[in-house]
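Q: Encoded as structure tokens, here's the structure I'll be asking about.
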Number of protein chains: 2
Amino acid sequence: MAIHVITGGAGFVAVNLAGRLLDRGVGVLALDDLSRGRRDYWEPFAGRDGFRSEVVDLTDLTAFRAALAPAAERGGVSDIWHLAANSDIPAGIADPAIDLRQTFMTTFNTLIVAKEVSAQVLHFASSSAIYGDLGEQAIHEDIGPLEPISNYGAMKLASEAQIRAAVEAHLPRANVFRFPNVVGVPATHGVMLDFVHKLRATPDTLDVLGDGSQRKAYLHVEDLVEAMLFIADKAPARYNVYNVGPSDEGIHVREIAEIVRDRVSPAARIRYGTGSRGWIGDVPRFRYSTERLARLGWSPRLDSRAAVLRAVDQIVAQETGRP
Amino acid sequence: MAIHVITGGAGFVAVNLAGRLLDRGVGVLALDDLSRGRRDYWEPFAGRDGFRSEVVDLTDLTAFRAALAPAAERGGVSDIWHLAANSDIPAGIADPAIDLRQTFMTTFNTLIVAKEVSAQVLHFASSSAIYGDLGEQAIHEDIGPLEPISNYGAMKLASEAQIRAAVEAHLPRANVFRFPNVVGVPATHGVMLDFVHKLRATPDTLDVLGDGSQRKAYLHVEDLVEAMLFIADKAPARYNVYNVGPSDEGIHVREIAEIVRDRVSPAARIRYGTGSRGWIGDVPRFRYSTERLARLGWSPRLDSRAAVLRAVDQIVAQETGRP
């Protein structure tokens, strides 16, 4: 049985991906240091054939190698889905060492072990953050200049660059998925979970960072996972880069605040801050081109607003324990 | 006296820059681990007012901080010229840890100390290698996609990204110089020095990697240093990126081989290999746009062929001890 390794394997995207890979009949080895991922996210897979998990710090190359050794014996590692990264952008701006270690060094080490175990494909969860703030331009994959404004975006771009060089030197194939904010469950962070928490703590008021005018594209994690599998199946080149996202121009933070308020605490008053950026490194708006992926034959089921509506329902259920 | 720090301060570009900075009446602190730079390159500056040097491994943050402490007391660090990097691209492809440490981690640590000493400007020696192989397109600064094909190029792009994010977070100003092959003295590596060495070892034959059809743009180091100073004086933004190079489309390896042969051992036979790339990660040809810098008001004195001719004369003098 060919093994697919997932780094950051107890994270939000990973646990959605793992189920779909198991459905396809491949073995899954989920690796995670549990710094942000959670062990209980693995529970649904405990009984499933072909699923294994290991707690390991991927910045420790010796430990990373040791974690892969049994899989290499079991049937060989065919694919690595590299999803491990810091997911807290403001924390990474306060301390650049966070994204260096969690976002970049995990990639650097993944490329070393990919070569050692002769993995055939590396799939990489990159980010729209590599583009920085390109204003009102439509952001397609070949646009320049690339000027990330957060250390997270910088270390995602660094990761892409290192992967591209590896394809030149030894890696048979790589797929790079650049996606914006992804929503769904299990939710560990993000504006929707934040709003739900705030309203459960203070049901009469919702304080919003910034003036609410930020507009962002949101992708539902279920759509993201379908896109990743589609690209893995269909992308034609040795090195493939795809924007993955909705084709709309996004939804305003103000609308998100209202959706959560209406769902959680309809009588609450929403209080906005000032400025169009919530924090340093936050890109206030962008127009995301997903034409390349549409030409390959895939489009998301949910647009930004539908993704947010579905995610808010799922997050409220997660937080209250009520479906 | 404001201090300008030069990392990789005993390297080829650095020692050309140091003299020009001292001419301007600023203090210079040259930092180098002497892994590639050479202590004797500092000898010409030993008697000059305001010049200091320190042997230090910049990947050791504690040592880096300690090396800067006296300068911070002497009058403050106003500028950092970050030139430290691995300069052996094939070595970096064989072992990615080389460019991680020498090309990227030196940048990462430079940004940390730049913040700590409140440096006003970071000047960064980037590279045309960040562009990868864009074929026959004219390579301007805003082109995409950026797909470096060597770890050196990847870690230069990673460095740019981290610098860009630092400008967003704390760094007052940064200038990024992207240049192709630079020639001149003191020569430590490169195709011209390689050919001179080969012909001095075997005066009847010159073996050339590849079929000689590679064409590259060459910039003379004296022009490069002038361009860097010009950009430092004139660039208008907080984050400035400039291609620096000749405006021609370059010179073929075949012509370089003939120039060196004619100068060193006119009777030698030149034997070519096969293929248009000398090694993995080598970009066979490119068209380099330097229009942005021309619009700012600067152009090089020497085109690629003139730069090579001057450099070959200088390298032969360096190697034979005869002017």
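Residue numbering restarts at 1 in every chain; chains get A, B, ... in the order shown in the structure tokens, and ligands count up from 1 in that same order.
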Could you work out which residues of chain A fall inside 9 Å of chain B? Count only C-alpha atoms, and format the result as an MDAnalysis selection string.
A: chainID A and resid 93:94 96:97 100 108 112 130 141:169 280:281
Q: Within 9 Å of Ala125 in chain A, counting only C-alpha atoms, which residues qualify if same-chain residues fewer than 6 places away don't, as an mmCIF file with N, CA and C atoms, in the first residue's frame?
A:
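Below is the file result-v1.cif, written as the result:
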```
data_model
loop_
_atom_site.group_PDB
_atom_site.id
_atom_site.type_symbol
_atom_site.label_atom_id
_atom_site.label_comp_id
_atom_site.auth_asym_id
_atom_site.auth_seq_id
_atom_site.Cartn_x
_atom_site.Cartn_y
_atom_site.Cartn_z
ATOM 1 N N TRP A 81 2.124 15.357 1.646
ATOM 2 C CA TRP A 81 1.281 16.561 1.686
ATOM 3 C C TRP A 81 1.830 17.426 2.799
ATOM 4 N N HIS A 82 2.520 18.479 2.392
ATOM 5 C CA HIS A 82 3.208 19.300 3.394
ATOM 6 C C HIS A 82 2.315 20.465 3.812
ATOM 7 N N LEU A 83 1.646 20.276 4.937
ATOM 8 C CA LEU A 83 0.693 21.273 5.444
ATOM 9 C C LEU A 83 1.177 21.935 6.732
ATOM 10 N N ALA A 84 2.250 21.447 7.314
ATOM 11 C CA ALA A 84 2.721 22.014 8.584
ATOM 12 C C ALA A 84 3.170 23.454 8.388
ATOM 13 N N ALA A 85 2.755 24.320 9.286
ATOM 14 C CA ALA A 85 3.158 25.727 9.254
ATOM 15 C C ALA A 85 2.621 26.416 10.492
ATOM 16 N N LYS A 156 6.387 31.325 3.436
ATOM 17 C CA LYS A 156 5.688 30.507 2.444
ATOM 18 C C LYS A 156 6.351 30.694 1.077
ATOM 19 N N ASN A 175 3.259 19.985 -6.463
ATOM 20 C CA ASN A 175 2.055 20.789 -6.659
ATOM 21 C C ASN A 175 1.975 21.820 -5.547
ATOM 22 N N VAL A 176 1.816 23.071 -5.945
ATOM 23 C CA VAL A 176 1.738 24.166 -4.977
ATOM 24 C C VAL A 176 0.330 24.752 -5.031
ATOM 25 N N PHE A 177 -0.346 24.736 -3.884
ATOM 26 C CA PHE A 177 -1.694 25.290 -3.781
ATOM 27 C C PHE A 177 -1.602 26.607 -3.023
ATOM 28 N N ARG A 178 -1.987 27.696 -3.670
ATOM 29 C CA ARG A 178 -1.985 28.990 -2.981
ATOM 30 C C ARG A 178 -3.413 29.350 -2.635
ATOM 31 N N PHE A 179 -3.733 29.355 -1.363
ATOM 32 C CA PHE A 179 -5.114 29.656 -1.011
ATOM 33 C C PHE A 179 -5.212 30.760 0.031
ATOM 34 N N MET A 228 -7.350 20.241 -4.011
ATOM 35 C CA MET A 228 -6.019 19.657 -3.875
ATOM 36 C C MET A 228 -5.964 18.284 -4.544
#
```
Q: With a distance cut-off of 6 Å and only C-alpha atoms, select the neighbouring residues of Val182 in chain B, excluding the residue or stretch itself and same-chain residues fewer than 2 positions from it, and output the selection as a PyMOL selection string.
A: chain B and resi 218-221
Q: Could you save the residues just selected, with C-alpha atoms, as a PDB file, in the first residue's frame?
A:
```pdb
ATOM      1  CA  TYR B 218      28.527  40.335 -16.920  1.00  0.00           C
ATOM      2  CA  LEU B 219      28.874  43.402 -14.778  1.00  0.00           C
ATOM      3  CA  HIS B 220      32.201  44.765 -13.636  1.00  0.00           C
ATOM      4  CA  VAL B 221      32.454  45.074  -9.863  1.00  0.00           C
TER       5      VAL B 221
END
```
Q: To one decimal place in Å, what is the distance between CA of Val117 in chain A and CA of Gly76 in chain A?
A: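 A separation of 7.4 Å between them.
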Q: Using only C-alpha atoms, which of A:Phe51, A:Trp42, A:Phe195, A:Tyr272 sits nearest Met1 in chain A?
A: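 The shortest atom-to-atom distance to Met1 in chain A comes from A:Phe51.
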Q: Find the spatial neighbours of Arg305 in chain B, counting only C-alpha atoms, within a cut-off of 12 Å - ignore same-chain residues fewer than 2 positions away - and output them as a list of chain:residue names.
A: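 Contacts, in chain order: B:Val183, B:Arg215, B:Lys216, B:Ala217, B:Tyr218, B:Leu219, B:His220, B:Pro246, B:Ser247, B:Asp248, B:Glu249, B:Gly250, B:Ile251, B:His252, B:Val253, B:Arg254, B:Glu255, B:Ile256, B:Glu258, B:Ile259, B:Arg301, B:Leu302, B:Asp303, B:Ala307, B:Val308, B:Leu309, B:Arg310, B:Ala311, B:Val312.
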Q: Between A:Asp223, A:Glu54, A:Asp60, A:Asp133, single out the one closest to Ser304 in chain A, counting only C-alpha atoms.
A: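 Counting only C-alpha atoms, the residue closest to Ser304 in chain A is A:Asp223.
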Q: Pick out the closest residue to Asn86 in chain B from this set: B:Leu34, B:Val56, B:Ala267, B:Ala114. Count only C-alpha atoms.
A: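 Among B:Leu34, B:Val56, B:Ala267, B:Ala114, it is B:Leu34 that comes nearest to Asn86 in chain B.
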Q: Step one, run DSSP on the backbone; step two, keep only residues of range 106-318 of chain A assigned to helix (DSSP H, G or I); then write them as an MDAnalysis selection string.
A: chainID A and resid 106:116 128:131 151:169 191:201 221:234 253:264 291:296 304:318
Q: If we count only C-alpha atoms and set the cut-off at 8 Å, which residues sit around Gly75 in chain B, ignoring sequence neighbours fewer than 2 positions away in its own chain? Please answer as a PyMOL selection string.
A: chain B and resi 1-3+71-73+77
Q: Would you give me, as a ChimeraX atom specification, the residues in range 66-270 of chain B that DSSP reads as strand (DSSP E or B)?
A: /B:77-82,121-127,132,138-139,147,174-179,181-183,205-208,215-216,218-220,239-243,251-252,269-270
Q: Which of these residues is nearest to Val185 in chain B, using only C-alpha atoms: B:Val55, B:Ala10, B:Leu22, B:Ile315?
A: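 Among the listed residues, the smallest separation from Val185 in chain B belongs to B:Ile315.
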Q: Using only C-alpha atoms, pick whichever of B:Pro180, B:Val5, B:Thr205, B:Ala66 has the shortest atom-to-atom distance to Ala129 in chain B.
A: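 That would be B:Pro180, the residue with the smallest distance to Ala129 in chain B.
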